[in-house]
Amino acid sequence: ILSNVFAGFYGVTFPQIDWLSMVYMVAYVPLILPATWLLDARGLRLTALLGAGLNALGAWLKCGSLAPGRYPLTLAAQAVCAVAQVFILGLPSRIASVWFGPTEVSTACAVAVLGNQLGTAIGFLLPPVLVPNTPNDIDLMAHNIGIMFYGTAIVSTLLFFLTGVVFEEKPKYPPSHSQAVLQTKPPEDYSYKQSIINLFRNIPFILLLISYGIMTGAFYSVSTLLNQMIVTHYEGEEVNAGRIGLTLVVAGMVGSIICGLWLDYTKTYKQTTLIVYILSFIGLLVFTFTLDLGYLIVVFVTGGVLGFFMTGYLPLGFEFAVEITYPESEGTSSGLLNASAQIFGIVFTLVQGKLTTDYSPRAGNIFLCAWIFVGIILTALIKSDLRRHNVNSGIMNLDVKAVPVDSPVEPERAALKIQSAL
């Protein structure tokens with residue numbers, strides 16, 4: 001959201017600044033399989049600690065780049081934070097399934113995703129306020145950037161210690177029948193390689209994998225390039241560009257919670273996902289063709305509507321994936337969804353950025369609209385096979401494979417756990 005400020009401070013081009021965002025996407029793709037294996041083999045707590053610890057380390061490294069010419073160090077620090085993100089993004093659906101029952105699980109996943117959106121919202125709100133554009137006073141700019149970098153490092157370190165103190169692996173008893181069934185199977189029956197093969201043989205999941213990547217990649221691209229789009233038509237409005245980004249994300253936070261509550265109440269996964277997808281397409285069209293009208297208030301409104309649906313889609317994709325891939329690990333399915341989002345995000349950001357620079361923001365946004373229309377078609381083709389919901393309802397009894405747990409489950413306690421879940 002401060003592309004023009006940092007391009008001037010480090011003396012680099014806009015595409016180089018865009019890489020400070022895209023490095024997150026690039027790091028995610030090769031590391032997602034090791035990260036999801038770690039989540040399955042070593043559990044939630046270690047994965048969360050690694051994510052929080054690396055994030056704090058990257059934030060402190062960034063504090064050493066407070067001078068023009070140190071762009072490579074900033075990029076390296078961003079890369080460390082990008083590795084941290086690999087361990088964090090797959091946690092929401094796994095935490096929701098391990099800790100919450102059938103009537104709470106989708107809302108819990110939405111609230112967990114909300115944390116990621118909250119961080120993004122803060123990223124849109126505070127940086128334009130902390131680091132105003134002062135191109136004629138580089139020392140003042142460095143001082144302001146330092147306040148932001150050191151503040152981020154302190155908060156990240158605090159969160160790392162909090163994670164170590166309060167984060168627990170799992171509840172004493174499983175909160176649902178589906179979790180109880182998984183935990184009664186011995187860990188040695190679980191094969192991570194076979195789980196990956198099963199997921200890629202699942203046609204509905206493959207369709208969701210592509211459609212989720214398109215939608216979320218489009219959101220990443222819009223977020224990355226929002227500053228450029230706004231200042232193209234509204235020169236000198238960097239602070240309002242941040243506020244528009246904040247509006248987009250906050251509206252998405254509301255959308256996520258509403259979608260999570262709706263799923264827990266109705267279990268209409270495919271219908272809700274398809275409707276939100278269509279409304280996101282309409283929202284992006286309206287945003288595209290009203291961006292250059294000259295009225296910032298219109299951009300605020302259309303950005304809020306766009307964010308409500310595009311960001312509200314995130315927990316829908318996670319939960320829909322868990323339903324159609326049960327009994328495979330939630331961390332693996334959500335990790336692959338995020339990997340797809342990163343791949344599409346890289347491509348979309350590069351292409352949309354090129355179109356925006358060479359032609360206009362409208363050209364870049366129309367490119368995204370075309371892809372989201374493809375995503376609508378793919379979503380409509382997904383077969384809605386709600387396996388987890390059916391197990392929790394007693395409709396079907398799958399021959400499931402367990403994901404590893406902290407310690408082997410004793411047979412007598414396994415029976416007790418299933419009875420408590422029922």
# chains A, B, ... in the order shown; residues from 1 in each chain; ligands from 1
>>> select_by_dssp(residues="region 23-207 of chain A", states="helix (DSSP H, G or I)", output="ChimeraX atom specification")
/A:23-42,44-65,71-89,91-99,105-130,138-166,177-184,187-189,192-201,203-207
>>> write_last_selection(atoms="C-alpha atoms", output="compact mmCIF listing (two decimals), in the first residue's frame")
# COMPACT_ATOMS: atom_id res chain seq x y z
CA VAL A 23 7.78 -13.32 -2.41
CA TYR A 24 5.09 -14.65 -0.06
CA MET A 25 3.44 -16.41 -2.98
CA VAL A 26 6.71 -17.72 -4.42
CA ALA A 27 7.87 -19.18 -1.08
CA TYR A 28 4.56 -20.88 -0.42
CA VAL A 29 4.47 -23.14 -3.47
CA PRO A 30 7.64 -25.26 -2.91
CA LEU A 31 7.28 -25.30 0.89
CA ILE A 32 3.63 -26.21 1.27
CA LEU A 33 4.13 -29.99 1.12
CA PRO A 34 6.87 -30.03 3.82
CA ALA A 35 4.75 -27.67 5.95
CA THR A 36 1.59 -29.78 5.70
CA TRP A 37 3.64 -32.93 6.42
CA LEU A 38 4.96 -31.23 9.57
CA LEU A 39 1.42 -30.26 10.59
CA ASP A 40 0.25 -33.87 10.20
CA ALA A 41 3.32 -35.50 11.74
CA ARG A 42 4.18 -33.08 14.56
CA LEU A 44 -0.63 -27.89 15.61
CA ARG A 45 1.54 -26.52 18.40
CA LEU A 46 4.96 -26.99 16.78
CA THR A 47 3.66 -25.67 13.45
CA ALA A 48 2.21 -22.56 15.09
CA LEU A 49 5.45 -21.94 17.02
CA LEU A 50 7.53 -22.19 13.85
CA GLY A 51 5.26 -19.76 12.04
CA ALA A 52 5.25 -17.22 14.86
CA GLY A 53 9.01 -17.54 15.48
CA LEU A 54 10.04 -17.08 11.85
CA ASN A 55 7.67 -14.14 11.51
CA ALA A 56 9.36 -12.42 14.46
CA LEU A 57 12.82 -13.20 13.04
CA GLY A 58 11.93 -11.70 9.65
CA ALA A 59 10.50 -8.60 11.32
CA TRP A 60 13.78 -7.99 13.23
CA LEU A 61 15.86 -8.55 10.09
CA LYS A 62 13.79 -5.88 8.36
CA CYS A 63 14.84 -3.39 11.02
CA GLY A 64 18.36 -3.59 9.60
CA SER A 65 17.26 -2.27 6.21
CA TYR A 71 16.39 -3.19 -0.70
CA PRO A 72 18.03 -6.68 -0.94
CA LEU A 73 17.99 -6.98 2.87
CA THR A 74 14.33 -5.98 3.01
CA LEU A 75 13.53 -8.57 0.36
CA ALA A 76 15.48 -11.23 2.30
CA ALA A 77 13.58 -10.33 5.49
CA GLN A 78 10.31 -10.55 3.61
CA ALA A 79 11.38 -13.99 2.40
CA VAL A 80 11.82 -15.17 6.01
CA CYS A 81 8.34 -13.86 6.86
CA ALA A 82 7.07 -15.58 3.72
CA VAL A 83 8.37 -18.92 4.99
CA ALA A 84 6.57 -18.23 8.28
CA GLN A 85 3.33 -17.73 6.41
CA VAL A 86 3.55 -21.26 4.98
CA PHE A 87 3.15 -22.67 8.50
CA ILE A 88 0.36 -20.26 9.47
CA LEU A 89 -2.09 -20.22 6.56
CA LEU A 91 -3.96 -23.74 10.49
CA PRO A 92 -7.57 -22.36 10.45
CA SER A 93 -9.43 -25.38 9.09
CA ARG A 94 -7.30 -27.81 11.15
CA ILE A 95 -7.82 -25.87 14.39
CA ALA A 96 -11.56 -25.64 13.70
CA SER A 97 -11.89 -29.40 13.09
CA VAL A 98 -9.73 -30.46 16.06
CA TRP A 99 -11.25 -28.09 18.63
CA VAL A 105 -16.72 -25.70 12.96
CA SER A 106 -17.42 -23.39 9.99
CA THR A 107 -17.78 -20.33 12.23
CA ALA A 108 -14.55 -21.24 14.04
CA CYS A 109 -12.72 -21.56 10.71
CA ALA A 110 -14.11 -18.17 9.63
CA VAL A 111 -12.93 -16.56 12.87
CA ALA A 112 -9.46 -18.07 12.44
CA VAL A 113 -9.27 -16.79 8.86
CA LEU A 114 -10.41 -13.47 10.31
CA GLY A 115 -7.04 -13.19 12.04
CA ASN A 116 -5.24 -13.12 8.71
CA GLN A 117 -7.68 -10.52 7.41
CA LEU A 118 -7.25 -8.43 10.56
CA GLY A 119 -3.50 -8.29 9.95
CA THR A 120 -4.13 -7.23 6.37
CA ALA A 121 -6.55 -4.56 7.58
CA ILE A 122 -3.93 -3.16 9.96
CA GLY A 123 -1.46 -3.24 7.07
CA PHE A 124 -3.76 -1.04 5.02
CA LEU A 125 -4.59 1.33 7.89
CA LEU A 126 -1.39 2.07 9.81
CA PRO A 127 1.45 2.29 7.23
CA PRO A 128 0.04 5.32 5.32
CA VAL A 129 -0.40 7.08 8.67
CA LEU A 130 3.02 6.10 10.08
CA ILE A 138 14.80 10.91 3.17
CA ASP A 139 16.01 11.03 6.79
CA LEU A 140 12.48 11.70 8.03
CA MET A 141 11.18 8.92 5.77
CA ALA A 142 13.75 6.50 7.24
CA HIS A 143 12.73 7.53 10.77
CA ASN A 144 9.04 6.90 10.01
CA ILE A 145 9.76 3.56 8.37
CA GLY A 146 11.83 2.62 11.44
CA ILE A 147 8.84 3.25 13.72
CA MET A 148 6.76 0.89 11.60
CA PHE A 149 9.45 -1.81 11.33
CA TYR A 150 10.38 -1.83 15.02
CA GLY A 151 6.73 -1.75 16.07
CA THR A 152 6.03 -4.77 13.88
CA ALA A 153 9.04 -6.62 15.31
CA ILE A 154 7.96 -6.02 18.91
CA VAL A 155 4.39 -7.17 18.27
CA SER A 156 5.60 -10.26 16.36
CA THR A 157 7.92 -11.21 19.22
CA LEU A 158 5.13 -10.82 21.76
CA LEU A 159 2.86 -13.06 19.67
CA PHE A 160 5.60 -15.70 19.48
CA PHE A 161 5.87 -15.84 23.29
CA LEU A 162 2.08 -15.90 23.67
CA THR A 163 1.88 -18.82 21.27
CA GLY A 164 4.41 -20.71 23.36
CA VAL A 165 2.50 -20.05 26.58
CA VAL A 166 -1.15 -20.59 25.62
CA HIS A 177 -17.89 -37.96 15.72
CA SER A 178 -15.71 -37.40 12.67
CA GLN A 179 -12.71 -36.45 14.85
CA ALA A 180 -13.35 -39.34 17.24
CA VAL A 181 -13.32 -41.81 14.33
CA LEU A 182 -10.04 -40.38 13.03
CA GLN A 183 -8.37 -40.59 16.44
CA THR A 184 -9.32 -44.25 16.99
CA PRO A 187 -1.04 -43.34 13.49
CA GLU A 188 1.01 -45.93 11.61
CA ASP A 189 -1.95 -46.46 9.25
CA TYR A 192 1.08 -38.62 3.85
CA LYS A 193 2.02 -39.64 0.32
CA GLN A 194 -1.19 -41.61 -0.11
CA SER A 195 -3.20 -38.69 1.28
CA ILE A 196 -1.76 -36.40 -1.42
CA ILE A 197 -2.53 -39.01 -4.11
CA ASN A 198 -6.11 -39.35 -2.84
CA LEU A 199 -6.61 -35.59 -2.98
CA PHE A 200 -5.39 -35.34 -6.57
CA ARG A 201 -7.69 -38.21 -7.57
CA ILE A 203 -12.22 -34.52 -9.11
CA PRO A 204 -14.48 -32.19 -7.04
CA PHE A 205 -11.42 -31.14 -5.02
CA ILE A 206 -9.39 -30.46 -8.19
CA LEU A 207 -12.19 -28.20 -9.48
>>> residues_around(residues="Phe14 (chain A)", least_positions_apart="2", cutoff="12 Å", atoms="only C-alpha atoms", output="list of chain:residue names")
A:Ile1, A:Leu2, A:Ser3, A:Asn4, A:Val5, A:Phe6, A:Ala7, A:Gly8, A:Phe9, A:Tyr10, A:Gly11, A:Val12, A:Gln16, A:Ile17, A:Asp18, A:Trp19, A:Leu20, A:Ser21, A:Thr224, A:Leu225, A:Asn227, A:Gln228, A:Thr349, A:Leu350, A:Gly353, A:Lys354, A:Thr356, A:Thr357
>>> write_last_selection(atoms="N, CA, C and O atoms", output="compact mmCIF listing (two decimals), in the first residue's frame")
# COMPACT_ATOMS: atom_id res chain seq x y z
N ILE A 1 0.83 -1.21 0.00
CA ILE A 1 0.00 0.00 0.00
C ILE A 1 0.86 1.26 0.00
O ILE A 1 0.36 2.37 -0.17
N LEU A 2 2.17 1.11 0.19
CA LEU A 2 3.11 2.24 0.15
C LEU A 2 4.10 2.07 -1.00
O LEU A 2 5.27 2.41 -0.87
N SER A 3 3.62 1.55 -2.12
CA SER A 3 4.52 1.25 -3.25
C SER A 3 5.34 2.46 -3.66
O SER A 3 6.57 2.37 -3.82
N ASN A 4 4.68 3.61 -3.81
CA ASN A 4 5.41 4.79 -4.29
C ASN A 4 6.42 5.28 -3.26
O ASN A 4 7.51 5.75 -3.61
N VAL A 5 6.09 5.17 -1.97
CA VAL A 5 7.00 5.61 -0.92
C VAL A 5 8.27 4.75 -0.90
O VAL A 5 9.40 5.27 -0.90
N PHE A 6 8.11 3.43 -0.91
CA PHE A 6 9.26 2.54 -0.82
C PHE A 6 10.06 2.50 -2.11
O PHE A 6 11.28 2.30 -2.08
N ALA A 7 9.38 2.68 -3.25
CA ALA A 7 10.13 2.77 -4.52
C ALA A 7 11.06 3.97 -4.49
O ALA A 7 12.23 3.89 -4.92
N GLY A 8 10.59 5.10 -3.96
CA GLY A 8 11.43 6.28 -3.84
C GLY A 8 12.52 6.12 -2.80
O GLY A 8 13.66 6.55 -3.00
N PHE A 9 12.20 5.48 -1.66
CA PHE A 9 13.16 5.34 -0.57
C PHE A 9 14.33 4.44 -0.97
O PHE A 9 15.50 4.77 -0.72
N TYR A 10 14.02 3.30 -1.59
CA TYR A 10 15.07 2.36 -1.95
C TYR A 10 15.64 2.61 -3.35
O TYR A 10 16.62 1.97 -3.74
N GLY A 11 15.00 3.51 -4.12
CA GLY A 11 15.48 3.79 -5.45
C GLY A 11 15.31 2.63 -6.41
O GLY A 11 16.21 2.34 -7.21
N VAL A 12 14.15 1.94 -6.30
CA VAL A 12 13.89 0.78 -7.16
C VAL A 12 12.58 1.02 -7.92
O VAL A 12 11.87 2.01 -7.70
N GLN A 16 9.81 -4.15 -8.68
CA GLN A 16 10.65 -4.64 -7.59
C GLN A 16 9.93 -4.53 -6.24
O GLN A 16 10.06 -5.42 -5.39
N ILE A 17 9.18 -3.46 -6.05
CA ILE A 17 8.39 -3.32 -4.83
C ILE A 17 7.29 -4.38 -4.78
O ILE A 17 7.00 -4.96 -3.71
N ASP A 18 6.69 -4.68 -5.94
CA ASP A 18 5.65 -5.71 -5.97
C ASP A 18 6.19 -7.06 -5.50
O ASP A 18 5.45 -7.87 -4.93
N TRP A 19 7.50 -7.30 -5.72
CA TRP A 19 8.09 -8.56 -5.29
C TRP A 19 8.14 -8.69 -3.77
O TRP A 19 8.23 -9.81 -3.24
N LEU A 20 8.05 -7.58 -3.04
CA LEU A 20 7.99 -7.66 -1.58
C LEU A 20 6.69 -8.34 -1.13
O LEU A 20 6.61 -8.89 -0.03
N SER A 21 5.67 -8.28 -1.98
CA SER A 21 4.43 -9.01 -1.73
C SER A 21 4.47 -10.39 -2.38
O SER A 21 4.09 -11.39 -1.76
N THR A 224 -2.37 -6.11 -3.82
CA THR A 224 -1.00 -5.69 -4.10
C THR A 224 -0.96 -4.42 -4.94
O THR A 224 -0.13 -3.53 -4.72
N LEU A 225 -1.86 -4.32 -5.90
CA LEU A 225 -1.82 -3.23 -6.88
C LEU A 225 -2.79 -2.09 -6.56
O LEU A 225 -2.93 -1.16 -7.36
N ASN A 227 -2.72 0.41 -4.47
CA ASN A 227 -2.11 1.74 -4.41
C ASN A 227 -1.90 2.31 -5.80
O ASN A 227 -2.24 3.47 -6.07
N GLN A 228 -1.38 1.50 -6.72
CA GLN A 228 -1.15 1.98 -8.08
C GLN A 228 -2.45 2.35 -8.78
O GLN A 228 -2.53 3.34 -9.50
N THR A 349 -0.81 -11.00 -10.44
CA THR A 349 -0.15 -9.75 -10.06
C THR A 349 0.80 -9.27 -11.16
O THR A 349 0.83 -8.08 -11.49
N LEU A 350 1.56 -10.21 -11.73
CA LEU A 350 2.48 -9.84 -12.81
C LEU A 350 1.72 -9.32 -14.04
O LEU A 350 2.06 -8.26 -14.59
N GLY A 353 -0.37 -6.13 -13.14
CA GLY A 353 0.55 -5.01 -12.97
C GLY A 353 1.06 -4.48 -14.30
O GLY A 353 1.16 -3.26 -14.51
N LYS A 354 1.38 -5.40 -15.22
CA LYS A 354 1.84 -4.99 -16.55
C LYS A 354 0.75 -4.25 -17.31
O LYS A 354 0.98 -3.19 -17.92
N THR A 356 -1.83 -2.68 -16.01
CA THR A 356 -2.10 -1.42 -15.33
C THR A 356 -1.06 -0.36 -15.69
O THR A 356 -1.40 0.80 -15.94
N THR A 357 0.21 -0.76 -15.75
CA THR A 357 1.28 0.18 -16.06
C THR A 357 1.26 0.60 -17.52
O THR A 357 1.40 1.78 -17.85
>>> closest_residue(among="A:Gly43, A:Val347, A:Val322, A:Gly312", to="Phe167 (chain A)", atoms="only C-alpha atoms")
A:Gly43
>>> residues_around(residues="Leu248 (chain A)", least_positions_apart="2", cutoff="6 Å", atoms="only C-alpha atoms", output="list in words")
Gly245, Leu246, Val250, Ala251, Gly303, Gly304 and Gly307 of chain A
>>> atom_distance(atom1="CA of Phe308 (chain A)", atom2="CA of Gly217 (chain A)")
15.8 Å
>>> atom_distance(atom1="CA of Leu226 (chain A)", atom2="CA of Gly335 (chain A)")
26.0 Å
>>> closest_atom_pairs(of="region 229-292 of chain A", to="region 364-377 of chain A", cutoff="9 Å", atoms="only C-alpha atoms", output="tab-separated table")
residue	atom	partner	partner_atom	distance
A:Leu274	CA	A:Ile376	CA	6.7
A:Ile275	CA	A:Ile376	CA	9.0
A:Tyr277	CA	A:Ile376	CA	6.1
A:Ile278	CA	A:Ile376	CA	6.4
A:Ser280	CA	A:Ile372	CA	8.2
A:Phe281	CA	A:Ile372	CA	6.1
A:Ile282	CA	A:Cys369	CA	8.7
A:Leu284	CA	A:Cys369	CA	6.7
A:Leu285	CA	A:Cys369	CA	6.7
A:Phe287	CA	A:Asn365	CA	8.6
A:Thr288	CA	A:Asn365	CA	5.9
>>> residues_around(residues="Ser256 (chain A)", least_positions_apart="2", cutoff="7 Å", atoms="only C-alpha atoms", output="PyMOL selection string")
chain A and resi 110+252-254+258-260+311-313+315
>>> write_last_selection(atoms="N, CA and C atoms", output="JSON list (two decimals), in the first residue's frame")
[["chain", "number", "residue", "atom", "x", "y", "z"],
["A", 110, "ALA", "N", -13.97, -19.55, 10.10],
["A", 110, "ALA", "CA", -14.11, -18.17, 9.63],
["A", 110, "ALA", "C", -13.42, -17.20, 10.58],
["A", 252, "GLY", "N", -14.65, -7.65, 4.19],
["A", 252, "GLY", "CA", -14.41, -9.07, 4.02],
["A", 252, "GLY", "C", -14.45, -9.83, 5.34],
["A", 253, "MET", "N", -13.98, -9.20, 6.42],
["A", 253, "MET", "CA", -14.05, -9.83, 7.73],
["A", 253, "MET", "C", -15.50, -10.08, 8.13],
["A", 254, "VAL", "N", -16.34, -9.10, 7.88],
["A", 254, "VAL", "CA", -17.78, -9.26, 8.16],
["A", 254, "VAL", "C", -18.35, -10.36, 7.29],
["A", 258, "ILE", "N", -20.21, -13.91, 8.53],
["A", 258, "ILE", "CA", -21.58, -14.20, 8.09],
["A", 258, "ILE", "C", -21.61, -15.52, 7.31],
["A", 259, "CYS", "N", -20.64, -15.73, 6.43],
["A", 259, "CYS", "CA", -20.60, -16.97, 5.65],
["A", 259, "CYS", "C", -20.37, -18.18, 6.56],
["A", 260, "GLY", "N", -19.50, -18.04, 7.56],
["A", 260, "GLY", "CA", -19.26, -19.13, 8.49],
["A", 260, "GLY", "C", -20.50, -19.50, 9.28],
["A", 311, "THR", "N", -13.29, -11.69, 0.05],
["A", 311, "THR", "CA", -12.65, -12.17, 1.27],
["A", 311, "THR", "C", -13.56, -13.11, 2.03],
["A", 312, "GLY", "N", -14.87, -12.88, 1.94],
["A", 312, "GLY", "CA", -15.82, -13.80, 2.57],
["A", 312, "GLY", "C", -15.76, -15.19, 1.98],
["A", 313, "TYR", "N", -15.21, -15.30, 0.78],
["A", 313, "TYR", "CA", -15.10, -16.60, 0.12],
["A", 313, "TYR", "C", -14.04, -17.49, 0.76],
["A", 315, "PRO", "N", -13.05, -18.60, 3.92],
["A", 315, "PRO", "CA", -13.42, -19.75, 4.77],
["A", 315, "PRO", "C", -14.36, -20.71, 4.07]]
>>> atom_distance(atom1="CA of Ser340 (chain A)", atom2="CA of Ala218 (chain A)")
11.5 Å
